[in-house]
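**Q** Here it is, the structure, as structure tokens.
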Amino acid sequence: MQSKGKAIVLSTLRYKENDLIVKCYTNKRGVVSYLQKGVLKSKRSKTKAVFFQPLMLLEIEENYIPGRSLQFLKEVRSYIPLKSIHTNVLKASLSVFIAEVLSTVLKEEEADLELFTFIETAIQFLDVSGNFANFHLLFLLRLTKHLGFYPDTSKDDSPYFNLESGLFEVEKSSVYALEGQLKNQFKLLLDADFSTVDQIKLNITERRDLLKTLLVYFELHLGNFKKPKSLQVFIDVFQ
């Protein structure tokens with residue numbers, strides 16, 4: 001069955017000598033993996049491999065067969081050309097990190113247009129942004145809303161935030177409770193959006209601590225979550 005739609009590239013895996021397995025998040029079917037035969041074979045084919053960089057926004061025409069583990073793409077093109085994500089060293093490192101997180105947490109093979117739109121919009125913002133030092137922190141936090149464990153902010157004036165329960169609390173009830181400056185910075189993230197998040201003044205250590213905190217939050221609420229392999233490279237390059 002031929003079908004057209006949109007896809008966000010999450011990961012690629014070289015298969016045999018000239019083929020790629022491309023894992024995507026699509027607007028119509030959720031997570032789908034495609035086998036791209038011969039994409040690395042010739043110079044002409046290699047130009048197509050550029051389409052499969054992390055977080056590329058693609059318009060696809062697929063030959064979809066329900067129940068098949070690997071689908072096939074008939075046509076592919078970039079529907080929103082990205083200008084800086086793959087040419088800016090810092091943004092490229094960030095895109096690899098975010099794509100790996102998404103590849104880990106997105107499992108469903110069903111449509112979630114709200115989640116797709118969130119990711120698509122965030123990628124476009126990152127591409128045009130000149131100040132993106134805190135972008136990944138807000139992206140991870142906002143992603144939890146779509147994954148079902150966004151913090152309950154009804155008592156966000158409380159002195160503690162419990163990472164296990166996702167609640168702000170008056171008393172410290174867990175070893176995973178945030179307090180003091182870290183809790184206050186976490187609260188600032190909750191109040192921010194992509195256009196204002198870089199107004200939060202953080203030094204390198206504070207930014208790393210918040211990232212570590214968010215990844216622990218993911219681990220506590222997603223049993224199969226593992227820290228991205230690209231994390232240390234991302235920290236070394238980006239921080």
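Here, A, B, ... name the chains of the structure tokens in the order displayed, residue numbers run from 1 inside each chain, and ligands are numbered from 1 in the same displayed order.
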For A:Leu140, find every residue with an atom within 10 Å (counting only C-alpha atoms), except residues of its own chain fewer than 4 positions away, and show them as a list in words.

**A**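 Contacts, with the query itself left out: Ile98, Val101, Leu102, Phe135, His136, Thr144, Lys145, Leu211, Leu214, Leu215, Tyr217 and Phe218 of chain A.
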
**Q** If we count only C-alpha atoms and set the cut-off at 8 Å, which residues sit around A:Phe225, ignoring sequence neighbours fewer than 5 positions away in its own chain? Please answer as a PDB file with N, CA and C atoms, in the first residue's frame.

**A**
ATOM      1  N   THR A 104      15.118   5.992  21.998  1.00  0.00           N
ATOM      2  CA  THR A 104      14.977   5.134  23.176  1.00  0.00           C
ATOM      3  C   THR A 104      13.567   5.153  23.741  1.00  0.00           C
ATOM      4  N   VAL A 105      12.961   6.342  23.807  1.00  0.00           N
ATOM      5  CA  VAL A 105      11.678   6.470  24.519  1.00  0.00           C
ATOM      6  C   VAL A 105      10.458   6.285  23.635  1.00  0.00           C
ATOM      7  N   PHE A 218      13.807  10.626  33.946  1.00  0.00           N
ATOM      8  CA  PHE A 218      13.410   9.678  32.903  1.00  0.00           C
ATOM      9  C   PHE A 218      13.600   8.239  33.389  1.00  0.00           C
ATOM     10  N   GLU A 219      14.733   7.964  34.014  1.00  0.00           N
ATOM     11  CA  GLU A 219      15.010   6.606  34.486  1.00  0.00           C
ATOM     12  C   GLU A 219      13.990   6.152  35.517  1.00  0.00           C
TER      13      GLU A 219
END

**Q** From the set A:Leu35, A:Val50, A:Leu163, A:Ala92, which residue has the shortest atom-to-atom contact distance to A:Asn63, counting only C-alpha atoms?

**A**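 Using only C-alpha atoms, A:Asn63 sits closest to A:Leu35.
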
**Q** Write out as number ranges by chain each polymer residue whose atoms come within 10 Å of A:Tyr15, counting only C-alpha atoms; drop sequence neighbours fewer than 3 positions from it.

**A** A: 12, 18-22, 35-38

**Q** One decimal, in Å: what's the spacing between atom CA of A:Glu75 and atom CA of A:Glu120?

**A** 20.0 Å
